[in-house]
$ cat work_8.cif   # mmCIF, C-alpha atoms; chains and numbers go by the auth columns
data_final
loop_
_atom_site.group_PDB
_atom_site.id
_atom_site.type_symbol
_atom_site.label_atom_id
_atom_site.label_comp_id
_atom_site.label_asym_id
_atom_site.label_seq_id
_atom_site.Cartn_x
_atom_site.Cartn_y
_atom_site.Cartn_z
_atom_site.B_iso_or_equiv
_atom_site.auth_seq_id
_atom_site.auth_asym_id
ATOM 1 C CA MET A 1 -21.382 14.848 11.337 0.00 20 Q
ATOM 2 C CA ALA A 2 -19.291 17.967 11.968 0.00 21 Q
ATOM 3 C CA GLU A 3 -15.762 17.846 13.332 0.00 22 Q
ATOM 4 C CA LEU A 4 -15.339 18.275 17.085 0.00 23 Q
ATOM 5 C CA SER A 5 -13.435 20.995 18.922 0.00 24 Q
ATOM 6 C CA LEU A 6 -10.049 20.210 20.480 0.00 25 Q
ATOM 7 C CA GLU A 7 -11.650 20.205 23.923 0.00 26 Q
ATOM 8 C CA GLU A 8 -14.337 17.741 22.810 0.00 27 Q
ATOM 9 C CA LEU A 9 -11.720 15.512 21.162 0.00 28 Q
ATOM 10 C CA LYS A 10 -9.643 15.470 24.357 0.00 29 Q
ATOM 11 C CA ASN A 11 -12.666 14.279 26.361 0.00 30 Q
ATOM 12 C CA LEU A 12 -13.568 11.595 23.827 0.00 31 Q
ATOM 13 C CA LYS A 13 -13.420 7.956 24.959 0.00 32 Q
ATOM 14 C CA ALA A 14 -12.494 5.708 22.052 0.00 33 Q
ATOM 15 C CA ASP A 15 -14.032 2.234 21.708 0.00 34 Q
ATOM 16 C CA LYS A 16 -10.901 1.078 19.911 0.00 35 Q
ATOM 17 C CA VAL A 17 -7.380 2.535 19.815 0.00 36 Q
ATOM 18 C CA ILE A 18 -5.038 1.555 16.984 0.00 37 Q
ATOM 19 C CA ASP A 19 -1.396 2.287 17.651 0.00 38 Q
ATOM 20 C CA ALA A 20 0.238 2.591 14.235 0.00 39 Q
ATOM 21 C CA ARG A 21 3.171 4.733 15.398 0.00 40 Q
ATOM 22 C CA GLY A 22 6.422 3.883 13.623 0.00 41 Q
ATOM 23 C CA MET A 23 4.596 2.466 10.594 0.00 42 Q
ATOM 24 C CA SER A 24 5.177 4.079 7.218 0.00 43 Q
ATOM 25 C CA CYS A 25 2.447 4.866 4.681 0.00 44 Q
ATOM 26 C CA PRO A 26 0.260 2.946 3.821 0.00 45 Q
ATOM 27 C CA GLY A 27 0.741 0.785 6.972 0.00 46 Q
ATOM 28 C CA PRO A 28 -1.425 2.903 9.309 0.00 47 Q
ATOM 29 C CA LEU A 29 -4.277 3.057 6.797 0.00 48 Q
ATOM 30 C CA LEU A 30 -4.171 -0.717 6.274 0.00 49 Q
ATOM 31 C CA ALA A 31 -4.278 -1.115 10.066 0.00 50 Q
ATOM 32 C CA VAL A 32 -7.347 1.152 10.142 0.00 51 Q
ATOM 33 C CA LYS A 33 -9.051 -0.881 7.420 0.00 52 Q
ATOM 34 C CA LYS A 34 -8.337 -4.101 9.322 0.00 53 Q
ATOM 35 C CA SER A 35 -9.519 -2.838 12.719 0.00 54 Q
ATOM 36 C CA ILE A 36 -12.661 -0.951 11.767 0.00 55 Q
ATOM 37 C CA ALA A 37 -14.718 -4.157 11.877 0.00 56 Q
ATOM 38 C CA GLU A 38 -14.010 -4.391 15.614 0.00 57 Q
ATOM 39 C CA VAL A 39 -15.585 -0.996 16.314 0.00 58 Q
ATOM 40 C CA PRO A 40 -19.323 -1.094 17.044 0.00 59 Q
ATOM 41 C CA SER A 41 -21.656 0.937 14.829 0.00 60 Q
ATOM 42 C CA GLY A 42 -21.641 4.554 16.028 0.00 61 Q
ATOM 43 C CA GLY A 43 -18.464 3.864 18.013 0.00 62 Q
ATOM 44 C CA VAL A 44 -15.262 5.878 18.032 0.00 63 Q
ATOM 45 C CA MET A 45 -11.936 4.683 16.666 0.00 64 Q
ATOM 46 C CA GLU A 46 -8.728 6.467 17.621 0.00 65 Q
ATOM 47 C CA VAL A 47 -5.661 6.049 15.413 0.00 66 Q
ATOM 48 C CA LEU A 48 -2.190 6.933 16.651 0.00 67 Q
ATOM 49 C CA SER A 49 0.189 7.619 13.778 0.00 68 Q
ATOM 50 C CA SER A 50 3.591 9.233 13.411 0.00 69 Q
ATOM 51 C CA ASP A 51 3.182 9.328 9.626 0.00 70 Q
ATOM 52 C CA GLU A 52 2.043 12.774 8.513 0.00 71 Q
ATOM 53 C CA GLY A 53 0.182 11.412 5.488 0.00 72 Q
ATOM 54 C CA THR A 54 -2.142 9.425 7.747 0.00 73 Q
ATOM 55 C CA ARG A 55 -3.859 12.504 9.169 0.00 74 Q
ATOM 56 C CA ARG A 56 -5.009 13.361 5.663 0.00 75 Q
ATOM 57 C CA ASP A 57 -5.511 9.775 4.476 0.00 76 Q
ATOM 58 C CA VAL A 58 -7.878 8.896 7.343 0.00 77 Q
ATOM 59 C CA PRO A 59 -10.410 11.714 6.643 0.00 78 Q
ATOM 60 C CA ALA A 60 -10.348 10.787 2.927 0.00 79 Q
ATOM 61 C CA TRP A 61 -10.861 7.126 3.813 0.00 80 Q
ATOM 62 C CA ALA A 62 -13.668 7.955 6.277 0.00 81 Q
ATOM 63 C CA LYS A 63 -15.469 10.014 3.646 0.00 82 Q
ATOM 64 C CA LYS A 64 -15.275 7.202 1.109 0.00 83 Q
ATOM 65 C CA MET A 65 -16.443 4.581 3.618 0.00 84 Q
ATOM 66 C CA ASN A 66 -19.259 6.799 4.937 0.00 85 Q
ATOM 67 C CA HIS A 67 -17.762 7.102 8.415 0.00 86 Q
ATOM 68 C CA SER A 68 -17.410 10.484 10.163 0.00 87 Q
ATOM 69 C CA TYR A 69 -14.000 12.054 10.659 0.00 88 Q
ATOM 70 C CA LEU A 70 -14.044 13.867 14.003 0.00 89 Q
ATOM 71 C CA GLY A 71 -10.642 15.613 13.902 0.00 90 Q
ATOM 72 C CA ASP A 72 -7.134 15.089 15.219 0.00 91 Q
ATOM 73 C CA ILE A 73 -4.900 16.102 18.103 0.00 92 Q
ATOM 74 C CA GLU A 74 -1.205 16.759 17.506 0.00 93 Q
ATOM 75 C CA GLU A 75 1.036 15.218 20.151 0.00 94 Q
ATOM 76 C CA ALA A 76 4.847 15.149 20.336 0.00 95 Q
ATOM 77 C CA GLY A 77 5.896 13.237 17.209 0.00 96 Q
ATOM 78 C CA TYR A 78 2.512 11.726 16.407 0.00 97 Q
ATOM 79 C CA TRP A 79 -1.179 12.443 15.837 0.00 98 Q
ATOM 80 C CA ARG A 80 -4.318 11.107 17.473 0.00 99 Q
ATOM 81 C CA ILE A 81 -6.950 10.836 14.755 0.00 100 Q
ATOM 82 C CA PHE A 82 -10.626 10.210 15.542 0.00 101 Q
ATOM 83 C CA VAL A 83 -13.317 8.557 13.435 0.00 102 Q
ATOM 84 C CA LYS A 84 -16.925 7.755 14.337 0.00 103 Q
ATOM 85 C CA THR A 85 -18.245 4.694 12.519 0.00 104 Q
ATOM 86 C CA ARG A 86 -21.492 4.773 10.580 0.00 105 Q
ATOM 87 C CA MET B 1 -15.902 2.447 -14.434 0.00 1 I
ATOM 88 C CA ALA B 2 -14.595 0.067 -11.771 0.00 2 I
ATOM 89 C CA ASP B 3 -13.099 1.352 -8.527 0.00 3 I
ATOM 90 C CA LYS B 4 -9.824 -0.258 -9.537 0.00 4 I
ATOM 91 C CA LEU B 5 -6.122 0.580 -9.766 0.00 5 I
ATOM 92 C CA SER B 6 -4.423 -1.083 -12.703 0.00 6 I
ATOM 93 C CA MET B 7 -0.618 -1.057 -12.851 0.00 7 I
ATOM 94 C CA THR B 8 1.508 -2.337 -15.713 0.00 8 I
ATOM 95 C CA VAL B 9 4.935 -2.924 -14.192 0.00 9 I
ATOM 96 C CA MET B 10 7.859 -3.051 -16.619 0.00 10 I
ATOM 97 C CA THR B 11 10.515 -2.082 -14.090 0.00 11 I
ATOM 98 C CA GLY B 12 12.601 -4.388 -11.923 0.00 12 I
ATOM 99 C CA SER B 13 14.161 -1.506 -9.986 0.00 13 I
ATOM 100 C CA VAL B 14 13.650 -1.588 -6.251 0.00 14 I
ATOM 101 C CA ASP B 15 12.951 2.156 -5.943 0.00 15 I
ATOM 102 C CA ARG B 16 10.114 1.980 -8.456 0.00 16 I
ATOM 103 C CA LEU B 17 8.818 -1.252 -6.959 0.00 17 I
ATOM 104 C CA ILE B 18 8.629 0.482 -3.561 0.00 18 I
ATOM 105 C CA GLY B 19 6.478 3.199 -5.145 0.00 19 I
ATOM 106 C CA MET B 20 4.292 0.569 -6.823 0.00 20 I
ATOM 107 C CA ALA B 21 3.816 -1.399 -3.580 0.00 21 I
ATOM 108 C CA ILE B 22 2.901 1.739 -1.597 0.00 22 I
ATOM 109 C CA LEU B 23 0.238 2.638 -4.178 0.00 23 I
ATOM 110 C CA ALA B 24 -1.115 -0.924 -4.085 0.00 24 I
ATOM 111 C CA GLY B 25 -1.348 -0.767 -0.274 0.00 25 I
ATOM 112 C CA GLY B 26 -2.968 2.676 -0.357 0.00 26 I
ATOM 113 C CA ALA B 27 -5.534 1.509 -2.916 0.00 27 I
ATOM 114 C CA VAL B 28 -6.427 -1.559 -0.830 0.00 28 I
ATOM 115 C CA ALA B 29 -6.814 0.605 2.267 0.00 29 I
ATOM 116 C CA MET B 30 -9.150 2.846 0.251 0.00 30 I
ATOM 117 C CA ASP B 31 -11.153 -0.268 -0.600 0.00 31 I
ATOM 118 C CA MET B 32 -10.129 -0.308 -4.242 0.00 32 I
ATOM 119 C CA GLU B 33 -9.426 -3.391 -6.294 0.00 33 I
ATOM 120 C CA VAL B 34 -5.825 -3.686 -7.545 0.00 34 I
ATOM 121 C CA GLU B 35 -4.536 -5.498 -10.619 0.00 35 I
ATOM 122 C CA ILE B 36 -0.862 -5.697 -11.551 0.00 36 I
ATOM 123 C CA PHE B 37 0.671 -6.926 -14.806 0.00 37 I
ATOM 124 C CA LEU B 38 4.378 -7.771 -14.749 0.00 38 I
ATOM 125 C CA GLN B 39 6.283 -7.256 -17.955 0.00 39 I
ATOM 126 C CA LEU B 40 9.948 -8.010 -18.672 0.00 40 I
ATOM 127 C CA TRP B 41 11.990 -6.756 -15.681 0.00 41 I
ATOM 128 C CA GLY B 42 8.912 -6.631 -13.498 0.00 42 I
ATOM 129 C CA ALA B 43 8.434 -10.393 -13.925 0.00 43 I
ATOM 130 C CA TYR B 44 12.172 -10.925 -13.358 0.00 44 I
ATOM 131 C CA ALA B 45 12.029 -9.027 -10.034 0.00 45 I
ATOM 132 C CA PHE B 46 9.250 -11.384 -8.810 0.00 46 I
ATOM 133 C CA LYS B 47 11.338 -14.526 -9.420 0.00 47 I
ATOM 134 C CA LYS B 48 11.664 -16.445 -6.152 0.00 48 I
ATOM 135 C CA ASP B 49 15.463 -16.520 -6.463 0.00 49 I
ATOM 136 C CA VAL B 50 15.658 -12.770 -7.237 0.00 50 I
ATOM 137 C CA ILE B 51 12.962 -10.999 -5.196 0.00 51 I
ATOM 138 C CA LYS B 52 14.925 -10.642 -1.938 0.00 52 I
ATOM 139 C CA GLU B 53 18.378 -10.297 -3.496 0.00 53 I
ATOM 140 C CA ASN B 54 17.499 -7.506 -5.922 0.00 54 I
ATOM 141 C CA MET B 55 19.232 -4.205 -5.048 0.00 55 I
ATOM 142 C CA ASN B 56 18.922 -2.620 -8.486 0.00 56 I
ATOM 143 C CA LEU B 57 18.071 1.106 -8.461 0.00 57 I
ATOM 144 C CA SER B 58 16.931 3.159 -11.450 0.00 58 I
ATOM 145 C CA GLU B 59 18.049 6.606 -10.286 0.00 59 I
ATOM 146 C CA PHE B 60 20.626 8.302 -8.039 0.00 60 I
ATOM 147 C CA LYS B 61 22.534 5.030 -7.788 0.00 61 I
ATOM 148 C CA GLU B 62 25.262 6.630 -5.664 0.00 62 I
ATOM 149 C CA LYS B 63 22.577 7.214 -2.991 0.00 63 I
ATOM 150 C CA GLY B 64 21.656 3.527 -2.870 0.00 64 I
ATOM 151 C CA GLU B 65 23.640 2.577 0.208 0.00 65 I
ATOM 152 C CA GLN B 66 22.418 5.642 2.098 0.00 66 I
ATOM 153 C CA VAL B 67 18.781 4.847 1.240 0.00 67 I
ATOM 154 C CA VAL B 68 19.085 1.224 2.349 0.00 68 I
ATOM 155 C CA LYS B 69 20.783 2.303 5.612 0.00 69 I
ATOM 156 C CA ARG B 70 18.069 4.886 6.338 0.00 70 I
ATOM 157 C CA MET B 71 15.297 2.371 5.558 0.00 71 I
ATOM 158 C CA LYS B 72 16.828 -0.049 8.063 0.00 72 I
ATOM 159 C CA GLU B 73 17.120 2.705 10.702 0.00 73 I
ATOM 160 C CA LEU B 74 13.434 3.555 10.271 0.00 74 I
ATOM 161 C CA ASN B 75 12.532 -0.129 10.201 0.00 75 I
ATOM 162 C CA LEU B 76 10.659 0.380 6.912 0.00 76 I
ATOM 163 C CA PRO B 77 9.261 -2.775 5.305 0.00 77 I
ATOM 164 C CA MET B 78 10.691 -4.007 1.998 0.00 78 I
ATOM 165 C CA TRP B 79 8.557 -3.478 -1.114 0.00 79 I
ATOM 166 C CA PHE B 80 7.546 -7.135 -1.318 0.00 80 I
ATOM 167 C CA ASP B 81 6.420 -7.087 2.332 0.00 81 I
ATOM 168 C CA ILE B 82 4.216 -4.038 1.635 0.00 82 I
ATOM 169 C CA LEU B 83 2.760 -5.780 -1.405 0.00 83 I
ATOM 170 C CA LYS B 84 2.201 -9.017 0.546 0.00 84 I
ATOM 171 C CA GLN B 85 0.384 -7.032 3.254 0.00 85 I
ATOM 172 C CA ALA B 86 -1.771 -5.363 0.581 0.00 86 I
ATOM 173 C CA LYS B 87 -2.549 -8.769 -0.949 0.00 87 I
ATOM 174 C CA ASP B 88 -3.490 -10.214 2.446 0.00 88 I
ATOM 175 C CA SER B 89 -5.741 -7.212 3.227 0.00 89 I
ATOM 176 C CA GLY B 90 -7.774 -6.856 0.041 0.00 90 I
ATOM 177 C CA ALA B 91 -8.438 -7.640 -3.595 0.00 91 I
ATOM 178 C CA VAL B 92 -5.002 -7.657 -5.241 0.00 92 I
ATOM 179 C CA LYS B 93 -4.328 -9.791 -8.304 0.00 93 I
ATOM 180 C CA ILE B 94 -0.864 -10.095 -9.802 0.00 94 I
ATOM 181 C CA TYR B 95 -0.376 -11.380 -13.345 0.00 95 I
ATOM 182 C CA ALA B 96 2.817 -12.068 -15.251 0.00 96 I
ATOM 183 C CA CYS B 97 3.204 -11.434 -18.971 0.00 97 I
ATOM 184 C CA SER B 98 3.385 -14.709 -20.906 0.00 98 I
ATOM 185 C CA THR B 99 6.230 -13.510 -23.138 0.00 99 I
ATOM 186 C CA ALA B 100 8.300 -12.466 -20.099 0.00 100 I
ATOM 187 C CA CYS B 101 7.698 -15.896 -18.541 0.00 101 I
ATOM 188 C CA THR B 102 8.899 -17.602 -21.727 0.00 102 I
ATOM 189 C CA LEU B 103 11.944 -15.348 -21.817 0.00 103 I
ATOM 190 C CA TRP B 104 12.872 -16.062 -18.189 0.00 104 I
ATOM 191 C CA ASP B 105 11.816 -19.698 -18.591 0.00 105 I
ATOM 192 C CA VAL B 106 9.585 -19.543 -15.511 0.00 106 I
ATOM 193 C CA LYS B 107 6.204 -20.932 -14.519 0.00 107 I
ATOM 194 C CA LYS B 108 3.708 -19.291 -12.151 0.00 108 I
ATOM 195 C CA GLU B 109 5.198 -21.370 -9.296 0.00 109 I
ATOM 196 C CA ASP B 110 8.643 -19.821 -9.852 0.00 110 I
ATOM 197 C CA LEU B 111 7.262 -16.337 -9.190 0.00 111 I
ATOM 198 C CA GLU B 112 6.366 -14.878 -5.797 0.00 112 I
ATOM 199 C CA MET B 113 2.727 -13.755 -5.231 0.00 113 I
ATOM 200 C CA VAL B 114 1.766 -14.216 -8.908 0.00 114 I
ATOM 201 C CA ASP B 115 -1.823 -15.456 -9.448 0.00 115 I
ATOM 202 C CA ASP B 116 -1.741 -16.174 -13.152 0.00 116 I
ATOM 203 C CA ILE B 117 0.050 -15.761 -16.471 0.00 117 I
ATOM 204 C CA LEU B 118 -1.694 -13.606 -19.090 0.00 118 I
ATOM 205 C CA GLY B 119 -1.264 -12.276 -22.602 0.00 119 I
ATOM 206 C CA ALA B 120 -1.309 -8.568 -23.441 0.00 120 I
ATOM 207 C CA GLY B 121 -4.803 -8.707 -24.952 0.00 121 I
ATOM 208 C CA GLU B 122 -6.539 -10.059 -21.882 0.00 122 I
ATOM 209 C CA TRP B 123 -4.580 -7.662 -19.670 0.00 123 I
ATOM 210 C CA LEU B 124 -5.703 -4.653 -21.697 0.00 124 I
ATOM 211 C CA LEU B 125 -9.335 -5.756 -21.446 0.00 125 I
ATOM 212 C CA LYS B 126 -8.928 -6.057 -17.669 0.00 126 I
ATOM 213 C CA SER B 127 -7.357 -2.574 -17.510 0.00 127 I
ATOM 214 C CA LYS B 128 -9.962 -0.980 -19.739 0.00 128 I
ATOM 215 C CA ASP B 129 -12.510 -0.334 -17.029 0.00 129 I
ATOM 216 C CA ALA B 130 -10.056 0.613 -14.220 0.00 130 I
ATOM 217 C CA ALA B 131 -10.497 4.110 -12.785 0.00 131 I
ATOM 218 C CA ILE B 132 -6.708 4.531 -12.553 0.00 132 I
ATOM 219 C CA THR B 133 -4.176 3.020 -14.959 0.00 133 I
ATOM 220 C CA LEU B 134 -0.451 3.404 -14.394 0.00 134 I
ATOM 221 C CA PHE B 135 2.659 2.268 -16.229 0.00 135 I
ATOM 222 C CA ILE B 136 5.643 1.824 -13.941 0.00 136 I
#
$ encode --input "work_8.cif" --output "structure tokens"
Amino acid sequence: MAELSLEELKNLKADKVIDARGMSCPGPLLAVKKSIAEVPSGGVMEVLSSDEGTRRDVPAWAKKMNHSYLGDIEEAGYWRIFVKTR
Amino acid sequence: MADKLSMTVMTGSVDRLIGMAILAGGAVAMDMEVEIFLQLWGAYAFKKDVIKENMNLSEFKEKGEQVVKRMKELNLPMWFDILKQAKDSGAVKIYACSTACTLWDVKKEDLEMVDDILGAGEWLLKSKDAAITLFI
């Protein structure tokens, strides 16, 4: 699945939001791994992270786990990162 | 080749142990298996009476206080907390070198998070099929 535009991302309703702000690497990614089971198949997970590495780690993780990375939105001091589960 | 990170840990320095724990956590998050072998100072740093007291740094020692202060400000977890989280979240096995255990006169129970005590031969066979092997 292709990445979404910023406008599409902004209108996206996540099935599960993980707030990992303030966590250092690899905390956010471990939180993602833990929470993914709670997202229904084909659902959207939104990860909030203030760690810059996470916005690159999550797409790499999604690719490995066969989920779809949808893109991210940069906010003040953190990122909103979107993944659609397989 | 197994989707596995294999780390031989000789060091007992906190800075290097932080790096090791972050890689272990990252590997678990990426759904990789992790195996760790503790040699001399590595085994010493996992002793129950040492693990939390250890402030030994391998480099830029004059920066030590500054680093610790900054870590507290940022509320960063200690290396053993990162490793514990990795162990609780995935397949992480920690082994201690039998010679190191004899030297420090410790049993498995005297070491934090250690699953078993191994010899070098068995460890090398375990490492042989790991996709990533590191010496720290």
$ resolve_selection --input "work_8.cif" --expression "the PyMOL selection byres ((chain Q) within 9 of (chain I))" --output "PyMOL selection string"
chain Q and resi 41-46+48-53+76+79-80+83-84
$ atom_distance --input "work_8.cif" --atom1 "CA of Thr104 in chain Q" --atom2 "CA of Val63 in chain Q"
6.4 Å
$ residues_around --input "work_8.cif" --residues "Ala91 in chain I" --least-positions-apart "6" --cutoff "8 Å" --atoms "only C-alpha atoms" --output "list in words"
Val28, Met32, Glu33 and Val34 of chain I
$ resolve_selection --input "work_8.cif" --expression "the PyMOL selection byres ((chain Q and resi 28-40) around 8)" --output "CSV table (one decimal) with C-alpha atoms, in the coordinates of the input"
chain,number,residue,atom,x,y,z
Q,23,LEU,CA,-15.3,18.3,17.1
Q,24,SER,CA,-13.4,21.0,18.9
Q,25,LEU,CA,-10.0,20.2,20.5
Q,26,GLU,CA,-11.6,20.2,23.9
Q,27,GLU,CA,-14.3,17.7,22.8
Q,41,GLY,CA,6.4,3.9,13.6
Q,42,MET,CA,4.6,2.5,10.6
Q,46,GLY,CA,0.7,0.8,7.0
Q,47,PRO,CA,-1.4,2.9,9.3
Q,50,ALA,CA,-4.3,-1.1,10.1
Q,51,VAL,CA,-7.3,1.2,10.1
Q,54,SER,CA,-9.5,-2.8,12.7
Q,57,GLU,CA,-14.0,-4.4,15.6
Q,58,VAL,CA,-15.6,-1.0,16.3
Q,59,PRO,CA,-19.3,-1.1,17.0
Q,62,GLY,CA,-18.5,3.9,18.0
Q,63,VAL,CA,-15.3,5.9,18.0
Q,64,MET,CA,-11.9,4.7,16.7
Q,65,GLU,CA,-8.7,6.5,17.6
Q,66,VAL,CA,-5.7,6.0,15.4
Q,67,LEU,CA,-2.2,6.9,16.7
Q,68,SER,CA,0.2,7.6,13.8
Q,69,SER,CA,3.6,9.2,13.4
Q,70,ASP,CA,3.2,9.3,9.6
Q,89,LEU,CA,-14.0,13.9,14.0
Q,90,GLY,CA,-10.6,15.6,13.9
Q,91,ASP,CA,-7.1,15.1,15.2
Q,92,ILE,CA,-4.9,16.1,18.1
Q,97,TYR,CA,2.5,11.7,16.4
Q,101,PHE,CA,-10.6,10.2,15.5
$ resolve_selection --input "work_8.cif" --expression "the PyMOL selection byres ((chain I and resi 78) around 10)" --output "ChimeraX atom specification"
/I:14,17-18,21,52,68,71-72,75-77,79-84
$ residues_around --input "work_8.cif" --residues "range 37-50 of chain I" --least-positions-apart "6" --cutoff "6 Å" --atoms "all atoms listed in the file" --output "NGL selection string"
:I and (8-12 or 95-97 or 100 or 110-112)
$ closest_residue --input "work_8.cif" --among "I:Gln66, I:Ser58, I:Ser98, I:Ser127" --to "Ser13 in chain I" --atoms "only C-alpha atoms"
I:Ser58
$ build_atoms --input "work_8.cif" --residues "range 66-85 of chain Q" --atoms "N, CA, C and O atoms" --output "compact mmCIF listing (two decimals), in the coordinates of the input"
# COMPACT_ATOMS: atom_id res chain seq x y z
N VAL Q 66 -6.86 6.56 16.08
CA VAL Q 66 -5.66 6.05 15.41
C VAL Q 66 -4.47 6.89 15.84
O VAL Q 66 -4.51 8.11 15.76
N LEU Q 67 -3.42 6.22 16.33
CA LEU Q 67 -2.19 6.93 16.65
C LEU Q 67 -1.22 6.70 15.50
O LEU Q 67 -0.94 5.55 15.15
N SER Q 68 -0.74 7.78 14.90
CA SER Q 68 0.19 7.62 13.78
C SER Q 68 1.26 8.70 13.79
O SER Q 68 0.97 9.87 14.03
N SER Q 69 2.49 8.27 13.52
CA SER Q 69 3.59 9.23 13.41
C SER Q 69 3.84 9.61 11.95
O SER Q 69 4.70 10.42 11.65
N ASP Q 70 3.05 9.03 11.05
CA ASP Q 70 3.18 9.33 9.63
C ASP Q 70 2.24 10.48 9.27
O ASP Q 70 1.03 10.39 9.45
N GLU Q 71 2.83 11.56 8.76
CA GLU Q 71 2.04 12.77 8.51
C GLU Q 71 0.94 12.56 7.48
O GLU Q 71 -0.12 13.18 7.56
N GLY Q 72 1.19 11.67 6.53
CA GLY Q 72 0.18 11.41 5.49
C GLY Q 72 -1.10 10.84 6.06
O GLY Q 72 -2.19 11.06 5.52
N THR Q 73 -0.99 10.12 7.18
CA THR Q 73 -2.14 9.43 7.75
C THR Q 73 -3.24 10.40 8.18
O THR Q 73 -4.42 10.12 8.03
N ARG Q 74 -2.83 11.57 8.68
CA ARG Q 74 -3.86 12.50 9.17
C ARG Q 74 -4.68 13.08 8.04
O ARG Q 74 -5.75 13.66 8.24
N ARG Q 75 -4.20 12.95 6.82
CA ARG Q 75 -5.01 13.36 5.66
C ARG Q 75 -5.66 12.15 5.01
O ARG Q 75 -6.73 12.26 4.42
N ASP Q 76 -4.96 11.00 5.07
CA ASP Q 76 -5.51 9.78 4.48
C ASP Q 76 -6.77 9.32 5.22
O ASP Q 76 -7.73 8.89 4.60
N VAL Q 77 -6.75 9.41 6.55
CA VAL Q 77 -7.88 8.90 7.34
C VAL Q 77 -9.18 9.66 7.05
O VAL Q 77 -10.21 9.03 6.81
N PRO Q 78 -9.16 11.03 7.02
CA PRO Q 78 -10.41 11.71 6.64
C PRO Q 78 -10.90 11.33 5.25
O PRO Q 78 -12.11 11.16 5.04
N ALA Q 79 -9.96 11.16 4.29
CA ALA Q 79 -10.35 10.79 2.93
C ALA Q 79 -10.96 9.38 2.92
O ALA Q 79 -11.98 9.14 2.26
N TRP Q 80 -10.35 8.50 3.70
CA TRP Q 80 -10.86 7.13 3.81
C TRP Q 80 -12.25 7.13 4.46
O TRP Q 80 -13.17 6.47 3.99
N ALA Q 81 -12.39 7.90 5.54
CA ALA Q 81 -13.67 7.96 6.28
C ALA Q 81 -14.78 8.44 5.36
O ALA Q 81 -15.89 7.89 5.35
N LYS Q 82 -14.47 9.45 4.56
CA LYS Q 82 -15.47 10.01 3.65
C LYS Q 82 -15.91 8.94 2.66
O LYS Q 82 -17.11 8.75 2.42
N LYS Q 83 -14.94 8.24 2.10
CA LYS Q 83 -15.28 7.20 1.11
C LYS Q 83 -16.11 6.08 1.72
O LYS Q 83 -17.00 5.53 1.10
N MET Q 84 -15.78 5.71 2.97
CA MET Q 84 -16.44 4.58 3.62
C MET Q 84 -17.71 5.00 4.39
O MET Q 84 -18.28 4.20 5.11
N ASN Q 85 -18.07 6.25 4.25
CA ASN Q 85 -19.26 6.80 4.94
C ASN Q 85 -19.16 6.79 6.46
O ASN Q 85 -20.16 6.67 7.15
